[in-house]
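Undergrad: Below is the file structure.pdb, which contains PDB, C-alpha atoms.
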```pdb
ATOM      1  CA  MET A1204     -25.705  41.707  78.855
ATOM      2  CA  GLN A1205     -22.064  41.087  79.757
ATOM      3  CA  LEU A1206     -20.003  38.974  77.377
ATOM      4  CA  THR A1207     -19.436  36.396  80.120
ATOM      5  CA  GLU A1208     -23.178  35.722  80.267
ATOM      6  CA  GLN A1209     -23.816  36.224  76.570
ATOM      7  CA  TYR A1210     -21.275  33.537  75.685
ATOM      8  CA  ARG A1211     -21.818  31.187  78.614
ATOM      9  CA  PRO A1212     -21.956  27.677  77.069
ATOM     10  CA  LYS A1213     -25.482  26.515  76.281
ATOM     11  CA  THR A1214     -24.497  22.944  75.328
ATOM     12  CA  TRP A1215     -21.992  20.373  76.597
ATOM     13  CA  ASP A1216     -19.994  20.693  73.371
ATOM     14  CA  ASP A1217     -19.402  24.382  74.135
ATOM     15  CA  VAL A1218     -17.689  23.693  77.477
ATOM     16  CA  ALA A1219     -13.946  24.282  77.104
ATOM     17  CA  GLY A1220     -11.096  22.584  78.941
ATOM     18  CA  GLN A1221     -13.107  20.271  81.223
ATOM     19  CA  ASP A1222     -13.128  17.054  79.206
ATOM     20  CA  LYS A1223     -12.644  14.780  82.234
ATOM     21  CA  ALA A1224     -15.668  16.164  84.077
ATOM     22  CA  ILE A1225     -17.769  16.087  80.910
ATOM     23  CA  ARG A1226     -16.873  12.425  80.307
ATOM     24  CA  LYS A1227     -17.880  11.549  83.864
ATOM     25  CA  LEU A1228     -21.178  13.343  83.398
ATOM     26  CA  ALA A1229     -21.765  11.599  80.063
ATOM     27  CA  VAL A1230     -21.795   8.248  81.873
ATOM     28  CA  LEU A1231     -24.314   9.568  84.397
ATOM     29  CA  ARG A1232     -26.428  11.130  81.647
ATOM     30  CA  ASN A1233     -26.767   7.701  80.048
ATOM     31  CA  ARG A1234     -28.281   6.506  83.333
ATOM     32  CA  ARG A1235     -29.914   9.489  84.992
ATOM     33  CA  LEU A1236     -28.700  12.836  86.264
ATOM     34  CA  ALA A1237     -31.577  13.438  88.666
ATOM     35  CA  GLY A1238     -32.051  11.883  92.076
ATOM     36  CA  ARG A1239     -28.526  12.928  93.043
ATOM     37  CA  ALA A1240     -26.455  15.726  94.515
ATOM     38  CA  TYR A1241     -23.296  17.064  92.857
ATOM     39  CA  TRP A1242     -20.323  18.824  94.427
ATOM     40  CA  ILE A1243     -18.563  20.867  91.727
ATOM     41  CA  SER A1244     -15.225  22.366  92.740
ATOM     42  CA  GLY A1245     -12.580  24.256  90.814
ATOM     43  CA  GLN A1246     -10.675  27.471  90.462
ATOM     44  CA  SER A1247     -12.534  30.711  89.735
ATOM     45  CA  GLY A1248     -13.633  31.095  86.132
ATOM     46  CA  THR A1249     -13.132  27.453  85.119
ATOM     47  CA  GLY A1250     -16.776  26.473  84.535
ATOM     48  CA  LYS A1251     -18.393  25.481  87.852
ATOM     49  CA  THR A1252     -21.584  27.487  87.489
ATOM     50  CA  THR A1253     -21.801  26.712  83.774
ATOM     51  CA  ILE A1254     -21.715  22.956  84.385
ATOM     52  CA  ALA A1255     -24.200  23.249  87.261
ATOM     53  CA  ARG A1256     -26.627  25.160  85.042
ATOM     54  CA  LEU A1257     -26.242  22.682  82.177
ATOM     55  CA  ILE A1258     -27.090  19.798  84.513
ATOM     56  CA  ALA A1259     -30.058  21.733  85.888
ATOM     57  CA  ASP A1260     -31.271  22.596  82.389
ATOM     58  CA  GLU A1261     -31.360  18.924  81.384
ATOM     59  CA  ILE A1262     -33.637  18.111  84.294
ATOM     60  CA  ALA A1263     -35.796  21.161  84.876
ATOM     61  CA  ASP A1264     -37.389  24.072  83.084
ATOM     62  CA  GLU A1265     -36.146  27.545  83.970
ATOM     63  CA  PHE A1266     -39.035  28.224  86.361
ATOM     64  CA  ALA A1267     -38.225  24.999  88.259
ATOM     65  CA  ILE A1268     -34.571  25.892  88.972
ATOM     66  CA  ASP A1269     -33.656  27.590  92.250
ATOM     67  CA  GLU A1270     -30.218  29.230  92.375
ATOM     68  CA  ILE A1271     -29.108  30.619  95.725
ATOM     69  CA  ASP A1272     -25.915  31.548  97.550
ATOM     70  CA  ALA A1273     -24.805  29.466 100.511
ATOM     71  CA  ILE A1274     -25.239  32.446 102.828
ATOM     72  CA  ASP A1275     -29.001  32.277 102.135
ATOM     73  CA  CYS A1276     -29.106  28.491 102.545
ATOM     74  CA  THR A1277     -30.465  28.348 106.083
ATOM     75  CA  PRO A1278     -31.969  25.181 107.594
ATOM     76  CA  LYS A1279     -35.417  26.771 107.246
ATOM     77  CA  ARG A1280     -34.810  27.635 103.587
ATOM     78  CA  ILE A1281     -33.552  24.119 102.861
ATOM     79  CA  GLY A1282     -36.721  22.678 104.391
ATOM     80  CA  GLU A1283     -38.887  25.010 102.297
ATOM     81  CA  ILE A1284     -37.066  24.035  99.113
ATOM     82  CA  GLU A1285     -37.320  20.337  99.931
ATOM     83  CA  ARG A1286     -41.083  20.593 100.450
ATOM     84  CA  SER A1287     -41.554  22.568  97.232
ATOM     85  CA  CYS A1288     -39.612  19.932  95.272
ATOM     86  CA  ARG A1289     -41.784  16.994  96.280
ATOM     87  CA  CYS A1290     -44.094  17.312  93.290
ATOM     88  CA  ARG A1291     -43.074  17.084  89.653
ATOM     89  CA  THR A1292     -43.688  20.069  87.405
ATOM     90  CA  PHE A1293     -45.075  20.116  83.894
ATOM     91  CA  GLY A1294     -42.641  20.350  80.981
ATOM     92  CA  LYS A1295     -39.404  18.545  81.782
ATOM     93  CA  GLY A1296     -40.875  17.480  85.099
ATOM     94  CA  GLY A1297     -37.769  17.918  87.221
ATOM     95  CA  ARG A1298     -36.566  20.337  89.875
ATOM     96  CA  ALA A1299     -33.031  21.640  90.375
ATOM     97  CA  VAL A1300     -31.380  23.531  93.227
ATOM     98  CA  ILE A1301     -28.016  25.257  92.692
ATOM     99  CA  VAL A1302     -26.134  26.400  95.793
ATOM    100  CA  ASN A1303     -23.245  28.693  94.871
ATOM    101  CA  GLU A1304     -20.251  29.455  97.111
ATOM    102  CA  ALA A1305     -20.959  26.207  98.984
ATOM    103  CA  HIS A1306     -17.898  26.728 101.190
ATOM    104  CA  GLY A1307     -20.059  29.317 102.978
ATOM    105  CA  LEU A1308     -22.544  26.738 104.274
ATOM    106  CA  THR A1309     -23.077  26.926 108.020
ATOM    107  CA  LYS A1310     -22.931  23.898 110.293
ATOM    108  CA  GLY A1311     -26.690  24.146 110.775
ATOM    109  CA  ALA A1312     -27.281  24.147 107.023
ATOM    110  CA  ILE A1313     -24.943  21.188 106.561
ATOM    111  CA  ARG A1314     -26.726  19.176 109.243
ATOM    112  CA  GLN A1315     -30.054  19.854 107.530
ATOM    113  CA  LEU A1316     -28.603  18.918 104.139
ATOM    114  CA  LEU A1317     -27.337  15.596 105.495
ATOM    115  CA  VAL A1318     -30.972  14.627 106.015
ATOM    116  CA  THR A1319     -32.300  16.252 102.847
ATOM    117  CA  LEU A1320     -29.748  14.605 100.547
ATOM    118  CA  GLU A1321     -30.582  11.171 101.933
ATOM    119  CA  ARG A1322     -34.082  11.413 100.494
ATOM    120  CA  ILE A1323     -33.724  13.231  97.177
ATOM    121  CA  PRO A1324     -36.706  12.405  94.930
ATOM    122  CA  SER A1325     -35.886  10.813  91.572
ATOM    123  CA  HIS A1326     -36.838  14.022  89.700
ATOM    124  CA  VAL A1327     -34.725  16.401  91.827
ATOM    125  CA  VAL A1328     -31.062  17.389  91.694
ATOM    126  CA  TRP A1329     -28.979  19.438  94.148
ATOM    127  CA  LEU A1330     -25.845  21.144  92.820
ATOM    128  CA  PHE A1331     -23.151  22.729  94.996
ATOM    129  CA  THR A1332     -20.382  24.887  93.525
ATOM    130  CA  THR A1333     -17.253  26.039  95.332
ATOM    131  CA  THR A1334     -13.701  27.109  94.655
ATOM    132  CA  SER A1335     -11.081  24.470  95.415
ATOM    133  CA  ASP A1336      -9.154  26.512  97.978
ATOM    134  CA  ASN A1337     -12.261  27.504  99.939
ATOM    135  CA  GLN A1338     -13.506  23.910  99.818
ATOM    136  CA  GLU A1339     -10.329  22.771 101.581
ATOM    137  CA  GLN A1340     -10.869  25.404 104.264
ATOM    138  CA  LEU A1341     -14.463  24.245 104.766
ATOM    139  CA  PHE A1342     -13.412  20.666 105.400
ATOM    140  CA  GLU A1343     -10.634  21.753 107.751
ATOM    141  CA  ASP A1344     -12.981  23.893 109.848
ATOM    142  CA  CYS A1345     -16.202  21.887 109.777
ATOM    143  CA  LEU A1346     -16.468  18.236 110.796
ATOM    144  CA  ASP A1347     -20.026  18.095 109.451
ATOM    145  CA  ALA A1348     -18.826  18.845 105.913
ATOM    146  CA  HIS A1349     -17.208  15.464 105.245
ATOM    147  CA  PRO A1350     -20.459  13.459 105.430
ATOM    148  CA  LEU A1351     -22.025  16.055 103.132
ATOM    149  CA  LEU A1352     -19.399  15.413 100.477
ATOM    150  CA  SER A1353     -19.937  11.652 100.768
ATOM    151  CA  ARG A1354     -23.560  12.173  99.709
ATOM    152  CA  CYS A1355     -22.541  13.945  96.501
ATOM    153  CA  VAL A1356     -21.082  13.022  93.135
ATOM    154  CA  GLU A1357     -17.773  14.888  93.123
ATOM    155  CA  LEU A1358     -16.784  16.840  90.029
ATOM    156  CA  ALA A1359     -13.336  18.352  90.531
ATOM    157  CA  LEU A1360     -12.661  20.612  87.558
ATOM    158  CA  SER A1361      -9.249  20.623  85.909
ATOM    159  CA  ARG A1362      -6.665  23.193  86.910
ATOM    160  CA  ARG A1363      -4.055  22.297  84.291
ATOM    161  CA  GLY A1364      -4.048  22.323  80.515
ATOM    162  CA  LEU A1365      -6.608  25.121  80.400
ATOM    163  CA  ALA A1366      -4.624  27.951  78.832
ATOM    164  CA  GLU A1367      -4.948  26.872  75.198
ATOM    165  CA  PRO A1368      -8.612  25.739  75.124
ATOM    166  CA  PHE A1369      -9.603  28.829  77.131
ATOM    167  CA  ALA A1370      -7.519  31.019  74.811
ATOM    168  CA  GLU A1371      -9.303  29.547  71.780
ATOM    169  CA  ARG A1372     -12.654  30.241  73.410
ATOM    170  CA  ALA A1373     -11.653  33.806  74.299
ATOM    171  CA  ARG A1374     -10.389  34.463  70.777
ATOM    172  CA  MET A1375     -13.633  33.126  69.269
ATOM    173  CA  ILE A1376     -15.626  35.540  71.433
ATOM    174  CA  ALA A1377     -13.337  38.441  70.514
ATOM    175  CA  GLN A1378     -13.706  37.645  66.815
ATOM    176  CA  ARG A1379     -17.487  37.522  67.017
ATOM    177  CA  GLU A1380     -17.513  40.870  68.791
ATOM    178  CA  GLY A1381     -15.143  42.484  66.282
ATOM    179  CA  LEU A1382     -12.410  42.831  68.913
ATOM    180  CA  ASP A1383      -9.864  40.459  67.396
ATOM    181  CA  GLY A1384      -6.636  41.143  65.550
ATOM    182  CA  LYS A1385      -4.209  39.224  67.731
ATOM    183  CA  PRO A1386      -2.681  35.752  67.266
ATOM    184  CA  LEU A1387      -3.703  32.835  69.478
ATOM    185  CA  ALA A1388      -0.413  33.165  71.386
ATOM    186  CA  ALA A1389      -1.579  36.557  72.674
ATOM    187  CA  TYR A1390      -4.701  34.949  74.127
ATOM    188  CA  VAL A1391      -2.666  32.162  75.693
ATOM    189  CA  LYS A1392      -0.546  34.830  77.366
ATOM    190  CA  LEU A1393      -3.712  36.587  78.538
ATOM    191  CA  MET A1394      -4.994  33.344  80.054
ATOM    192  CA  GLN A1395      -1.714  32.884  81.890
ATOM    193  CA  GLN A1396      -1.939  36.432  83.218
ATOM    194  CA  CYS A1397      -5.503  35.721  84.363
ATOM    195  CA  ARG A1398      -4.433  32.417  85.967
ATOM    196  CA  ASN A1399      -6.718  30.464  83.624
ATOM    197  CA  ASN A1400      -9.766  32.395  84.774
ATOM    198  CA  LEU A1401     -11.807  32.519  81.573
ATOM    199  CA  ARG A1402     -14.323  34.938  83.055
ATOM    200  CA  ALA A1403     -11.543  37.387  83.957
ATOM    201  CA  ALA A1404     -10.022  37.049  80.480
ATOM    202  CA  ILE A1405     -13.338  37.777  78.778
ATOM    203  CA  GLN A1406     -13.789  40.832  81.005
ATOM    204  CA  ALA A1407     -10.285  41.971  80.022
ATOM    205  CA  ILE A1408     -11.216  41.593  76.354
TER
END
```
Go through the file and emit its structure as structure tokens.
TA:
Amino acid sequence: MQLTEQYRPKTWDDVAGQDKAIRKLAVLRNRRLAGRAYWISGQSGTGKTTIARLIADEIADEFAIDEIDAIDCTPKRIGEIERSCRCRTFGKGGRAVIVNEAHGLTKGAIRQLLVTLERIPSHVVWLFTTTSDNQEQLFEDCLDAHPLLSRCVELALSRRGLAEPFAERARMIAQREGLDGKPLAAYVKLMQQCRNNLRAAIQAI
């Protein structure tokens, strides 16, 4: 298993550098996370997929979580997923759908999602992840995308102030793997070189 997956945060307390998004989610967690759609945007390696999976894990058991890429998110597939999510499961009872690289959604898929997201059951959650730059391109090119965003809770991940918390996380991983020996400043420099992409920094380690 790669270090990026081995050390992917398993709890909210393990998420580094995204305090604002975590605080927003804490408010929703006190009410309910399910019955909604979330649009999670940010730079590469800043925690989009991690946060999506943590939300999904609170609502659904592993077997009740679908994770697909936008390229596979056809209108037909969306309809199939929606029908399969109508019934609650045993265990946690919820269902979660994670759509990665959401900037790759086609106009047909977006039109289908506009209907699907209007009738999300109370035990279901849809989660879309995308990089910030590609998100902007999607909204410039596709008129149908703006109503989609209005149906989602937006979680825009931080771009700034990430170097030090990410460096601390990277150093902790290096220490646990017996790869340490450098001061924190060296990890801060690494994060700057990697443009605050924690995944890239861990791969470099």
Undergrad: Please provide as a list in words all residues within 9 Å of A:Arg1256, with the sequence filter that same-chain residues fewer than 3 positions apart are discarded (counting all atoms listed in the file).
TA: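 Counting all atoms listed in the file, the residues come to Lys1213, Lys1251, Thr1252, Thr1253, Ala1259, Asp1260, Glu1261, Ile1268, Ile1301 and Leu1330 of chain A.
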Undergrad: For a cutoff of 9 Å around the file-coordinate point (-40.0, 20.6, 88.4), which residues qualify once you count all atoms listed in the file? I'd like the result as a list in words.
TA: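 All residues meeting the 9 Å criterion around (-40.0, 20.6, 88.4) are Ile1262, Ala1263, Asp1264, Phe1266, Ala1267, Ile1268, Cys1288, Arg1289, Cys1290, Arg1291, Thr1292, Phe1293, Gly1294, Lys1295, Gly1296, Gly1297, Arg1298, Ala1299, His1326 and Val1327 of chain A.
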Undergrad: Between A:Arg1362, A:Asp1269, A:Arg1234, A:Pro1368, which is the closest to A:Val1218 once you count all atoms listed in the file?
TA: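 Checking each candidate against A:Val1218, we get A:Pro1368 as the closest.
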Undergrad: Using all atoms listed in the file, pick whichever of A:Asn1399, A:Ser1361, A:Gln1246, A:Thr1309 has the shortest atom-to-atom distance to A:Asp1344.
TA: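 For A:Asp1344, the nearest of the given residues is A:Thr1309.
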Undergrad: So which residues touch A:Arg1372 within 9 Å, counting all atoms listed in the file, skipping near sequence neighbours fewer than 4 positions away, as a compact mmCIF listing (two decimals) with C-alpha atoms, in the coordinates of the input?
TA:
```txt
# COMPACT_ATOMS: atom_id res chain seq x y z
CA ASP A 1217 -19.40 24.38 74.14
CA ALA A 1219 -13.95 24.28 77.10
CA GLU A 1367 -4.95 26.87 75.20
CA PRO A 1368 -8.61 25.74 75.12
CA ILE A 1376 -15.63 35.54 71.43
CA ALA A 1377 -13.34 38.44 70.51
CA LEU A 1401 -11.81 32.52 81.57
```
Undergrad: Given all atoms listed in the file as the basis, pick out the residue of A:Leu1206, A:Ile1405, A:Ile1274, A:Val1328 nearest to A:Ala1312.
TA: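 Of the candidates, the smallest distance to A:Ala1312 is held by A:Ile1274.
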Undergrad: At what distance in Å, to one decimal, does atom CA of A:Gln1209 lie from atom CA of A:Ala1240?
TA: 27.4 Å
Undergrad: Using only C-alpha atoms, which of the listed residues (A:Ala1359, A:Ile1281, A:Ala1305, A:Ala1370) sits closest to A:Asp1222?
TA: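 The answer is A:Ala1359, which sits nearest to A:Asp1222.
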Undergrad: If we count only C-alpha atoms, what is near A:Asn1303 at a cut-off of 6 Å, once residues fewer than 6 positions away on the same chain are taken out, given as a PyMOL selection string?
TA: chain A and resi 1272-1273+1331-1332
Undergrad: Please return the centre and edge lengths, in Å to one decimal, of a box with edges along x, y and z that contains all listed atoms of stretch 1344-1358 of chain A, widened by 6 Å on every side, as JSON.
TA:
```
{"center_x": -18.3, "center_y": 17.8, "center_z": 100.4, "size_x": 22.6, "size_y": 24.2, "size_z": 32.8}
```
Undergrad: On this structure, the PyMOL selection byres ((chain A and resi 1319) around 12) would catch which residues? List them as a PyMOL selection string, sorted by chain and number.
TA: chain A and resi 1238-1240+1278-1286+1288-1289+1312-1318+1320-1324+1327-1329+1351+1354-1355
Undergrad: Using all atoms listed in the file, find the one residue out of A:Gln1378, A:Thr1277, A:Gln1221, A:Ser1353 that sits nearest to A:Gly1311.
TA: A:Thr1277
Undergrad: How far is it from atom CA of A:Tyr1210 to atom CA of A:Lys1385, in Å with one decimal?
TA: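 Going from atom CA of A:Tyr1210 over to atom CA of A:Lys1385, I get 19.7 Å.
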Undergrad: Atom CA of A:Ser1244 and atom CA of A:Leu1360 are how many Å apart?
TA: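 Distance reported for this atom pair: 6.0 Å.
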Undergrad: Compile the contact shell of A:Phe1369 as an mmCIF file with C-alpha atoms, keeping the file's coordinate frame: residues with an atom at most 9 Å away, counting all atoms listed in the file, same-chain residues fewer than 2 positions apart removed.
TA:
```cif
data_model
loop_
_atom_site.group_PDB
_atom_site.id
_atom_site.type_symbol
_atom_site.label_atom_id
_atom_site.label_comp_id
_atom_site.auth_asym_id
_atom_site.auth_seq_id
_atom_site.Cartn_x
_atom_site.Cartn_y
_atom_site.Cartn_z
ATOM 1 C CA ALA A 1219 -13.946 24.282 77.104
ATOM 2 C CA GLY A 1220 -11.096 22.584 78.941
ATOM 3 C CA THR A 1249 -13.132 27.453 85.119
ATOM 4 C CA LEU A 1365 -6.608 25.121 80.400
ATOM 5 C CA ALA A 1366 -4.624 27.951 78.832
ATOM 6 C CA GLU A 1367 -4.948 26.872 75.198
ATOM 7 C CA GLU A 1371 -9.303 29.547 71.780
ATOM 8 C CA ARG A 1372 -12.654 30.241 73.410
ATOM 9 C CA ALA A 1373 -11.653 33.806 74.299
ATOM 10 C CA ARG A 1374 -10.389 34.463 70.777
ATOM 11 C CA TYR A 1390 -4.701 34.949 74.127
ATOM 12 C CA VAL A 1391 -2.666 32.162 75.693
ATOM 13 C CA MET A 1394 -4.994 33.344 80.054
ATOM 14 C CA ASN A 1399 -6.718 30.464 83.624
ATOM 15 C CA ASN A 1400 -9.766 32.395 84.774
ATOM 16 C CA LEU A 1401 -11.807 32.519 81.573
ATOM 17 C CA ALA A 1404 -10.022 37.049 80.480
#
```
Undergrad: Enumerate, as a JSON list (two decimals) with C-alpha atoms, in the coordinates of the input, the residues matched when the PyMOL selection byres ((chain A and resi 1341) around 12) is run on the file above.
TA:
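Contents of the output file out.json:
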```
[["chain", "number", "residue", "atom", "x", "y", "z"],
["A", 1304, "GLU", "CA", -20.25, 29.46, 97.11],
["A", 1305, "ALA", "CA", -20.96, 26.21, 98.98],
["A", 1306, "HIS", "CA", -17.90, 26.73, 101.19],
["A", 1307, "GLY", "CA", -20.06, 29.32, 102.98],
["A", 1308, "LEU", "CA", -22.54, 26.74, 104.27],
["A", 1309, "THR", "CA", -23.08, 26.93, 108.02],
["A", 1310, "LYS", "CA", -22.93, 23.90, 110.29],
["A", 1313, "ILE", "CA", -24.94, 21.19, 106.56],
["A", 1333, "THR", "CA", -17.25, 26.04, 95.33],
["A", 1334, "THR", "CA", -13.70, 27.11, 94.66],
["A", 1335, "SER", "CA", -11.08, 24.47, 95.42],
["A", 1336, "ASP", "CA", -9.15, 26.51, 97.98],
["A", 1337, "ASN", "CA", -12.26, 27.50, 99.94],
["A", 1338, "GLN", "CA", -13.51, 23.91, 99.82],
["A", 1339, "GLU", "CA", -10.33, 22.77, 101.58],
["A", 1340, "GLN", "CA", -10.87, 25.40, 104.26],
["A", 1342, "PHE", "CA", -13.41, 20.67, 105.40],
["A", 1343, "GLU", "CA", -10.63, 21.75, 107.75],
["A", 1344, "ASP", "CA", -12.98, 23.89, 109.85],
["A", 1345, "CYS", "CA", -16.20, 21.89, 109.78],
["A", 1346, "LEU", "CA", -16.47, 18.24, 110.80],
["A", 1347, "ASP", "CA", -20.03, 18.10, 109.45],
["A", 1348, "ALA", "CA", -18.83, 18.84, 105.91],
["A", 1349, "HIS", "CA", -17.21, 15.46, 105.24],
["A", 1351, "LEU", "CA", -22.02, 16.06, 103.13],
["A", 1352, "LEU", "CA", -19.40, 15.41, 100.48]]
```
Undergrad: Give me stretch 1265-1281 of chain A with N, CA and C atoms filled in, as a PDB file, keeping the file's coordinate frame.
TA:
```pdb
ATOM      1  N   GLU A1265     -36.733  26.391  83.282  1.00  0.00           N
ATOM      2  CA  GLU A1265     -36.146  27.545  83.970  1.00  0.00           C
ATOM      3  C   GLU A1265     -36.906  27.913  85.240  1.00  0.00           C
ATOM      4  N   PHE A1266     -38.242  27.840  85.196  1.00  0.00           N
ATOM      5  CA  PHE A1266     -39.035  28.224  86.361  1.00  0.00           C
ATOM      6  C   PHE A1266     -38.909  27.231  87.519  1.00  0.00           C
ATOM      7  N   ALA A1267     -38.355  26.042  87.239  1.00  0.00           N
ATOM      8  CA  ALA A1267     -38.225  24.999  88.259  1.00  0.00           C
ATOM      9  C   ALA A1267     -36.788  24.856  88.747  1.00  0.00           C
ATOM     10  N   ILE A1268     -35.966  25.887  88.515  1.00  0.00           N
ATOM     11  CA  ILE A1268     -34.571  25.892  88.972  1.00  0.00           C
ATOM     12  C   ILE A1268     -34.402  26.994  90.008  1.00  0.00           C
ATOM     13  N   ASP A1269     -33.966  26.625  91.202  1.00  0.00           N
ATOM     14  CA  ASP A1269     -33.656  27.590  92.250  1.00  0.00           C
ATOM     15  C   ASP A1269     -32.145  27.748  92.318  1.00  0.00           C
ATOM     16  N   GLU A1270     -31.660  28.974  92.251  1.00  0.00           N
ATOM     17  CA  GLU A1270     -30.218  29.230  92.375  1.00  0.00           C
ATOM     18  C   GLU A1270     -30.011  30.223  93.511  1.00  0.00           C
ATOM     19  N   ILE A1271     -29.305  29.787  94.549  1.00  0.00           N
ATOM     20  CA  ILE A1271     -29.108  30.619  95.725  1.00  0.00           C
ATOM     21  C   ILE A1271     -27.649  30.571  96.156  1.00  0.00           C
ATOM     22  N   ASP A1272     -27.249  31.552  96.956  1.00  0.00           N
ATOM     23  CA  ASP A1272     -25.915  31.548  97.550  1.00  0.00           C
ATOM     24  C   ASP A1272     -25.969  30.822  98.897  1.00  0.00           C
ATOM     25  N   ALA A1273     -24.855  30.238  99.270  1.00  0.00           N
ATOM     26  CA  ALA A1273     -24.805  29.466 100.511  1.00  0.00           C
ATOM     27  C   ALA A1273     -25.205  30.300 101.719  1.00  0.00           C
ATOM     28  N   ILE A1274     -24.917  31.578 101.686  1.00  0.00           N
ATOM     29  CA  ILE A1274     -25.239  32.446 102.828  1.00  0.00           C
ATOM     30  C   ILE A1274     -26.743  32.496 103.074  1.00  0.00           C
ATOM     31  N   ASP A1275     -27.539  32.271 102.014  1.00  0.00           N
ATOM     32  CA  ASP A1275     -29.001  32.277 102.135  1.00  0.00           C
ATOM     33  C   ASP A1275     -29.568  30.879 102.356  1.00  0.00           C
ATOM     34  N   CYS A1276     -28.685  29.887 102.441  1.00  0.00           N
ATOM     35  CA  CYS A1276     -29.106  28.491 102.545  1.00  0.00           C
ATOM     36  C   CYS A1276     -29.224  28.103 104.019  1.00  0.00           C
ATOM     37  N   THR A1277     -30.231  28.633 104.668  1.00  0.00           N
ATOM     38  CA  THR A1277     -30.465  28.348 106.083  1.00  0.00           C
ATOM     39  C   THR A1277     -31.209  27.017 106.217  1.00  0.00           C
ATOM     40  N   PRO A1278     -31.189  26.408 107.411  1.00  0.00           N
ATOM     41  CA  PRO A1278     -31.969  25.181 107.594  1.00  0.00           C
ATOM     42  C   PRO A1278     -33.439  25.362 107.217  1.00  0.00           C
ATOM     43  N   LYS A1279     -34.020  26.509 107.584  1.00  0.00           N
ATOM     44  CA  LYS A1279     -35.417  26.771 107.246  1.00  0.00           C
ATOM     45  C   LYS A1279     -35.610  26.831 105.735  1.00  0.00           C
ATOM     46  N   ARG A1280     -34.702  27.514 105.049  1.00  0.00           N
ATOM     47  CA  ARG A1280     -34.810  27.635 103.587  1.00  0.00           C
ATOM     48  C   ARG A1280     -34.653  26.274 102.924  1.00  0.00           C
ATOM     49  N   ILE A1281     -33.747  25.459 103.416  1.00  0.00           N
ATOM     50  CA  ILE A1281     -33.552  24.119 102.861  1.00  0.00           C
ATOM     51  C   ILE A1281     -34.835  23.300 102.996  1.00  0.00           C
TER      52      ILE A1281
END
```
